[in-house]
Amino acid sequence: MLAPEVETRPWAEQLAIDDAAYREQLAYLFSRSGFYREKLTTAGFTSADAAGGLAEIAALPLTEKQEIRASCTPDNPIGAHLCVSRSEIVRIYSTSGTTGTPSYIPLTAGDLDNWVTGSARSYAASGVAAGQRIVSTYGAGPFAAGAALDAFERIGLSHIPLGSGNTERLVRAIELLEPEAAALTPSYAAHLVEWSGERGFDLSASSVERLLVAGEPGGGEPAFRARLEAGWSAQVTEAMGIGDIGVSLWGECEQRNGMHLGARGFVHAELIDPDSRAALELEDGATGELVLTHLRHRAAPLLRFRTRDHVRVQTSPCACGRTGTRVTCIGRTDDMLVVRGVNVFPSAVREVVGAFAPAVSGQVVVRPRAPGPKQDPPLPVCVELARGTSADAALATAIRERLREALVVQTQVELVPWRTLERSDYKSKLVEPPTDVEGP
Ligand SMILES: [Zn+2]
């Protein structure tokens, strides 16, 4: 454990510390953040005292990414939530965004240090230890994920950055430099198993003992995880962050039963119902969208930020000794489809279909007929067969039946030959929107 005194602190004690930090953060927002001063005042909270403490946080308005975007001007391209002067900013990350216009994430030196501290705790929880080697495939380019790379140094790992886009070089480095760990997206980890198998290189015989996966949902799904663990003969642990709030905020320990909040003390987590936006109790088994609040952020802090990440909560004590609620990501709210009132996550579809291995390859694409989340049944699902397998009506029926039982959704399963669906060295696209509809 990187910081045992922090990570095993009784949660009630943590909450008391966080409550004090939160009240200071609110006062800071009222004095420095034009965005939040206006937003909170409009909502009827005219001062930090009026907004109260963490126990009252659910009464405050949520923050949507689009609101921040809408506050950007040519004079202030970062947004009205910017709280510091130009000279205090040491780094500015970009997010690609879906509209094509990047949004900017500024950090002070202190913000960046807190990011690395939290990320290092999250990654260290996986069991990687100082002195070991790790290959990483995340770019140190414009995106916030690059900051997670500093966490490897903080842990004392010997970091071998390889980036994505050159699988040959990555596999060569694994072969020659014999790293104990690899950090990559679950999609790329799966792709590498196939890629290596086709070229006669056995990843399961490589030096890699741990796969640290992040960047998209999937690493926590049992069937998908089992496939990665078998292909690599390595232990898979998942980490999760969100650029606007922080990198690898959450990380799984060796018990592998949900991610701990490595960024405890820096970030406060809540759960909401994404439809009604009502706050939900963080009780065992609860599911909902994760909402995050900065507690000690300076450059452009966010309050009750909607992450669009849909998670399941675990509150039982973890054998590792770390305290606090754990979460497992079950999908992105943005990817969620609603079929006859039932929420369906494409990553959950992939998980159910993946259990039909070795008959299927594990690659799946959901092809909704209509734009937007609301869909009429049956939902078209394209399932790729394993190498050397041919389409079989009984298999399609069995998959359809299992999807109906597990996810309560009527689907239309189309089996396609091996290698039909696109592989990715970053994030997989699990939904293909209808092509005859114009984008936003
Ligand atoms: Zn644990």
# chains A, B, ... in the order shown; residues from 1 in each chain; ligands from 1
$ residues_near_ligand --ligand "ligand 1" --cutoff "12 Å" --atoms "only C-alpha atoms and all ligand atoms" --output "number ranges by chain"
A: 1, 7-8, 121-122, 124-127, 237, 250-262, 314-327
$ write_last_selection --atoms "C-alpha atoms" --output "compact mmCIF listing (two decimals), in the first residue's frame"
# COMPACT_ATOMS: atom_id res chain seq x y z
CA MET A 1 0.00 0.00 0.00
CA GLU A 7 -5.88 4.27 2.55
CA THR A 8 -6.95 2.38 5.70
CA ARG A 121 -2.45 4.91 -5.09
CA SER A 122 -4.94 3.50 -7.60
CA ALA A 124 -0.23 0.60 -6.71
CA ALA A 125 -3.36 -1.14 -5.37
CA SER A 126 -3.01 -3.60 -8.29
CA GLY A 127 0.05 -5.09 -6.59
CA THR A 237 -7.08 -5.11 -12.41
CA TRP A 250 -10.24 4.58 -8.84
CA GLY A 251 -8.17 1.42 -8.85
CA GLU A 252 -8.77 -2.20 -8.06
CA CYS A 253 -6.69 -4.07 -5.50
CA GLU A 254 -5.55 -7.69 -5.70
CA GLN A 255 -8.89 -8.88 -4.29
CA ARG A 256 -10.38 -7.71 -7.60
CA ASN A 257 -13.85 -7.00 -6.35
CA GLY A 258 -14.38 -3.38 -7.36
CA MET A 259 -12.21 -0.26 -7.52
CA HIS A 260 -11.09 1.69 -4.44
CA LEU A 261 -11.04 5.50 -4.56
CA GLY A 262 -7.30 6.19 -4.86
CA GLN A 314 -19.84 -2.40 -3.09
CA THR A 315 -19.63 -1.48 0.57
CA SER A 316 -18.52 -4.75 2.18
CA PRO A 317 -15.07 -4.52 3.84
CA CYS A 318 -12.21 -5.42 1.51
CA ALA A 319 -9.62 -7.96 2.66
CA CYS A 320 -6.83 -5.61 1.55
CA GLY A 321 -7.66 -3.24 4.41
CA ARG A 322 -8.50 -0.21 2.27
CA THR A 323 -11.64 1.51 3.52
CA GLY A 324 -14.48 3.21 1.68
CA THR A 325 -16.95 2.36 -1.04
CA ARG A 326 -15.79 0.42 -4.10
CA VAL A 327 -17.25 0.72 -7.61
$ residues_around --residues "Gly288 of chain A" --least-positions-apart "5" --cutoff "6 Å" --atoms "only C-alpha atoms" --output "ChimeraX atom specification"
/A:271-273,310-311
$ write_last_selection --atoms "all heavy atoms" --output "PDB file, in the first residue's frame"
ATOM      1  N   LEU A 271     -23.734   9.090  -6.089  1.00  0.00           N
ATOM      2  CA  LEU A 271     -24.426   8.287  -7.090  1.00  0.00           C
ATOM      3  C   LEU A 271     -25.766   8.956  -7.368  1.00  0.00           C
ATOM      4  O   LEU A 271     -26.442   9.410  -6.440  1.00  0.00           O
ATOM      5  CB  LEU A 271     -24.657   6.894  -6.496  1.00  0.00           C
ATOM      6  CG  LEU A 271     -24.928   5.734  -7.447  1.00  0.00           C
ATOM      7  CD1 LEU A 271     -23.713   5.486  -8.329  1.00  0.00           C
ATOM      8  CD2 LEU A 271     -25.245   4.466  -6.644  1.00  0.00           C
ATOM      9  N   ILE A 272     -26.165   9.033  -8.658  1.00  0.00           N
ATOM     10  CA  ILE A 272     -27.499   9.555  -8.982  1.00  0.00           C
ATOM     11  C   ILE A 272     -28.207   8.610  -9.957  1.00  0.00           C
ATOM     12  O   ILE A 272     -27.567   7.813 -10.636  1.00  0.00           O
ATOM     13  CB  ILE A 272     -27.458  10.975  -9.620  1.00  0.00           C
ATOM     14  CG1 ILE A 272     -26.674  10.967 -10.951  1.00  0.00           C
ATOM     15  CG2 ILE A 272     -26.891  11.999  -8.655  1.00  0.00           C
ATOM     16  CD1 ILE A 272     -26.980  12.155 -11.852  1.00  0.00           C
ATOM     17  N   ASP A 273     -29.516   8.755 -10.000  1.00  0.00           N
ATOM     18  CA  ASP A 273     -30.306   8.118 -11.040  1.00  0.00           C
ATOM     19  C   ASP A 273     -30.164   9.014 -12.280  1.00  0.00           C
ATOM     20  O   ASP A 273     -30.530  10.184 -12.228  1.00  0.00           O
ATOM     21  CB  ASP A 273     -31.773   8.055 -10.579  1.00  0.00           C
ATOM     22  CG  ASP A 273     -32.686   7.473 -11.644  1.00  0.00           C
ATOM     23  OD1 ASP A 273     -32.429   7.693 -12.847  1.00  0.00           O
ATOM     24  OD2 ASP A 273     -33.673   6.824 -11.267  1.00  0.00           O
ATOM     25  N   HIS A 310     -21.637   4.764 -15.482  1.00  0.00           N
ATOM     26  CA  HIS A 310     -22.651   4.034 -14.733  1.00  0.00           C
ATOM     27  C   HIS A 310     -21.921   2.958 -13.929  1.00  0.00           C
ATOM     28  O   HIS A 310     -21.161   2.175 -14.506  1.00  0.00           O
ATOM     29  CB  HIS A 310     -23.621   3.397 -15.731  1.00  0.00           C
ATOM     30  CG  HIS A 310     -25.009   3.331 -15.234  1.00  0.00           C
ATOM     31  ND1 HIS A 310     -25.910   4.353 -15.390  1.00  0.00           N
ATOM     32  CD2 HIS A 310     -25.664   2.354 -14.556  1.00  0.00           C
ATOM     33  CE1 HIS A 310     -27.067   4.006 -14.856  1.00  0.00           C
ATOM     34  NE2 HIS A 310     -26.939   2.800 -14.332  1.00  0.00           N
ATOM     35  N   VAL A 311     -22.101   2.944 -12.629  1.00  0.00           N
ATOM     36  CA  VAL A 311     -21.330   2.016 -11.782  1.00  0.00           C
ATOM     37  C   VAL A 311     -22.226   1.222 -10.835  1.00  0.00           C
ATOM     38  O   VAL A 311     -23.370   1.592 -10.585  1.00  0.00           O
ATOM     39  CB  VAL A 311     -20.275   2.779 -10.930  1.00  0.00           C
ATOM     40  CG1 VAL A 311     -19.293   3.519 -11.810  1.00  0.00           C
ATOM     41  CG2 VAL A 311     -20.940   3.726  -9.935  1.00  0.00           C
TER      42      VAL A 311
END
$ closest_residue --among "A:Thr293, A:His268, A:Ile160, A:Pro274" --to "Leu29 of chain A" --atoms "only C-alpha atoms"
A:Thr293
$ residues_around --residues "Val267 of chain A" --least-positions-apart "2" --cutoff "10 Å" --atoms "only C-alpha atoms" --output "list in words"
Asp18, Ala21, Tyr22, Gly118, Ile245, Gly246, Leu249, Leu261, Gly262, Ala263, Arg264, Gly265, Ala269, Leu292, Thr293, His294, Leu295, Arg296, His297, Leu302 and Leu303 of chain A
$ select_by_dssp --residues "segment 26-268 of chain A" --states "helix (DSSP H, G or I)" --output "MDAnalysis selection string"
chainID A and resid 26:32 34:42 48:51 54:59 65:70 86:88 109:124 145:155 167:177 186:198 203:205 222:232
$ closest_residue --among "A:Arg419, A:Arg172, A:Arg277, A:Arg23" --to "Glu56 of chain A" --atoms "only C-alpha atoms"
A:Arg23
$ closest_atom_pairs --of "segment 75-160 of chain A" --to "segment 212-234 of chain A" --cutoff "12 Å" --atoms "only C-alpha atoms" --output "JSON lines"
{"residue": "A:Ser119", "atom": "CA", "partner": "A:Ala214", "partner_atom": "CA", "distance": 11.6}
{"residue": "A:Ser122", "atom": "CA", "partner": "A:Leu212", "partner_atom": "CA", "distance": 10.2}
{"residue": "A:Tyr123", "atom": "CA", "partner": "A:Leu212", "partner_atom": "CA", "distance": 7.5}
{"residue": "A:Ala124", "atom": "CA", "partner": "A:Leu212", "partner_atom": "CA", "distance": 10.0}
{"residue": "A:Ala125", "atom": "CA", "partner": "A:Leu212", "partner_atom": "CA", "distance": 10.3}
{"residue": "A:Ser126", "atom": "CA", "partner": "A:Leu212", "partner_atom": "CA", "distance": 7.3}
{"residue": "A:Gly127", "atom": "CA", "partner": "A:Leu212", "partner_atom": "CA", "distance": 9.9}
{"residue": "A:Val128", "atom": "CA", "partner": "A:Leu212", "partner_atom": "CA", "distance": 9.2}
{"residue": "A:Ile134", "atom": "CA", "partner": "A:Leu212", "partner_atom": "CA", "distance": 9.5}
{"residue": "A:Val135", "atom": "CA", "partner": "A:Leu212", "partner_atom": "CA", "distance": 10.0}
{"residue": "A:Ser136", "atom": "CA", "partner": "A:Leu212", "partner_atom": "CA", "distance": 9.2}
{"residue": "A:Thr137", "atom": "CA", "partner": "A:Val213", "partner_atom": "CA", "distance": 10.4}
{"residue": "A:Tyr138", "atom": "CA", "partner": "A:Gly215", "partner_atom": "CA", "distance": 9.2}
{"residue": "A:Gly139", "atom": "CA", "partner": "A:Gly215", "partner_atom": "CA", "distance": 11.9}
{"residue": "A:Phe143", "atom": "CA", "partner": "A:Gly215", "partner_atom": "CA", "distance": 11.4}
{"residue": "A:Ala144", "atom": "CA", "partner": "A:Gly215", "partner_atom": "CA", "distance": 10.9}
{"residue": "A:Ala145", "atom": "CA", "partner": "A:Gly215", "partner_atom": "CA", "distance": 8.2}
{"residue": "A:Gly146", "atom": "CA", "partner": "A:Gly215", "partner_atom": "CA", "distance": 11.6}
{"residue": "A:Ala148", "atom": "CA", "partner": "A:Ala214", "partner_atom": "CA", "distance": 10.5}
{"residue": "A:Phe152", "atom": "CA", "partner": "A:Leu212", "partner_atom": "CA", "distance": 11.4}
$ atom_distance --atom1 "atom CA of Glu64 of chain A" --atom2 "atom CA of Ser248 of chain A"
20.5 Å
$ atom_distance --atom1 "atom CA of Thr287 of chain A" --atom2 "atom CA of Leu407 of chain A"
14.7 Å
$ residues_around --residues "Pro142 of chain A" --least-positions-apart "3" --cutoff "10 Å" --atoms "only C-alpha atoms" --output "list of chain:residue names"
A:Ile92, A:Tyr93, A:Ser94, A:Thr95, A:Ser96, A:Tyr104, A:Gly139, A:Ala145, A:Gly146, A:Ala147
$ closest_residue --among "A:Glu88, A:Asp150, A:Glu175, A:Glu198" --to "Thr117 of chain A" --atoms "only C-alpha atoms"
A:Asp150
$ atom_distance --atom1 "atom CA of Asn76 of chain A" --atom2 "atom CA of Val247 of chain A"
24.1 Å
$ select_by_dssp --residues "segment 152-235 of chain A" --states "strand (DSSP E or B)" --output "VMD selection string"
chain A and resid 158 to 161 181 to 184 210 to 213 235
$ write_last_selection --atoms "N, CA, C and O atoms" --output "compact mmCIF listing (two decimals), in the first residue's frame"
# COMPACT_ATOMS: atom_id res chain seq x y z
N SER A 158 9.81 0.95 -13.15
CA SER A 158 10.62 1.29 -14.30
C SER A 158 9.67 1.30 -15.50
O SER A 158 9.16 0.27 -15.92
N HIS A 159 9.42 2.51 -16.00
CA HIS A 159 8.36 2.71 -16.99
C HIS A 159 8.90 2.65 -18.42
O HIS A 159 9.85 3.35 -18.75
N ILE A 160 8.27 1.84 -19.23
CA ILE A 160 8.65 1.72 -20.64
C ILE A 160 7.48 2.22 -21.48
O ILE A 160 6.54 1.48 -21.78
N PRO A 161 7.47 3.52 -21.83
CA PRO A 161 6.33 4.06 -22.60
C PRO A 161 6.43 3.64 -24.06
O PRO A 161 7.48 3.81 -24.68
N ALA A 181 4.52 -5.93 -15.80
CA ALA A 181 3.16 -5.39 -15.93
C ALA A 181 2.98 -4.65 -17.24
O ALA A 181 3.96 -4.21 -17.86
N ALA A 182 1.72 -4.54 -17.67
CA ALA A 182 1.38 -3.76 -18.86
C ALA A 182 0.14 -2.94 -18.55
O ALA A 182 -0.80 -3.44 -17.94
N ALA A 183 0.16 -1.66 -18.96
CA ALA A 183 -0.99 -0.77 -18.77
C ALA A 183 -1.57 -0.45 -20.14
O ALA A 183 -0.87 0.05 -21.01
N LEU A 184 -2.84 -0.77 -20.34
CA LEU A 184 -3.48 -0.59 -21.64
C LEU A 184 -5.00 -0.65 -21.51
O LEU A 184 -5.51 -0.91 -20.43
N ARG A 210 0.83 -8.90 -14.59
CA ARG A 210 -0.31 -8.04 -14.27
C ARG A 210 -0.68 -7.17 -15.45
O ARG A 210 0.18 -6.55 -16.07
N LEU A 211 -1.99 -7.10 -15.71
CA LEU A 211 -2.52 -6.19 -16.72
C LEU A 211 -3.29 -5.11 -15.98
O LEU A 211 -4.24 -5.41 -15.25
N LEU A 212 -2.88 -3.87 -16.16
CA LEU A 212 -3.57 -2.74 -15.53
C LEU A 212 -4.42 -2.10 -16.62
O LEU A 212 -3.89 -1.38 -17.47
N VAL A 213 -5.70 -2.38 -16.62
CA VAL A 213 -6.53 -1.88 -17.72
C VAL A 213 -7.35 -0.68 -17.28
O VAL A 213 -7.76 -0.56 -16.14
N GLN A 235 -2.85 -11.40 -14.10
CA GLN A 235 -3.97 -10.91 -13.29
C GLN A 235 -4.42 -9.54 -13.81
O GLN A 235 -3.60 -8.64 -13.98
$ closest_residue --among "A:Ile155, A:Glu38, A:Arg86, A:Asp244" --to "Arg69 of chain A" --atoms "only C-alpha atoms"
A:Asp244
$ residues_around --residues "Pro380 of chain A" --least-positions-apart "6" --cutoff "10 Å" --atoms "only C-alpha atoms" --output "list in words"
Val365, Val366, Arg367, Pro368, Arg369, Gln410, Thr411, Gln412, Val413 and Glu414 of chain A
$ write_last_selection --atoms "C-alpha atoms" --output "PDB file, in the first residue's frame"
ATOM      1  CA  VAL A 365     -21.353  -4.425 -32.156  1.00  0.00           C
ATOM      2  CA  VAL A 366     -24.838  -3.180 -31.339  1.00  0.00           C
ATOM      3  CA  ARG A 367     -26.485  -1.527 -34.364  1.00  0.00           C
ATOM      4  CA  PRO A 368     -29.513   0.453 -33.232  1.00  0.00           C
ATOM      5  CA  ARG A 369     -32.006   1.236 -35.998  1.00  0.00           C
ATOM      6  CA  GLN A 410     -35.320  -8.732 -27.263  1.00  0.00           C
ATOM      7  CA  THR A 411     -32.504  -8.819 -29.789  1.00  0.00           C
ATOM      8  CA  GLN A 412     -31.901  -9.880 -33.344  1.00  0.00           C
ATOM      9  CA  VAL A 413     -28.568 -11.696 -33.436  1.00  0.00           C
ATOM     10  CA  GLU A 414     -26.543 -11.709 -36.616  1.00  0.00           C
TER      11      GLU A 414
END
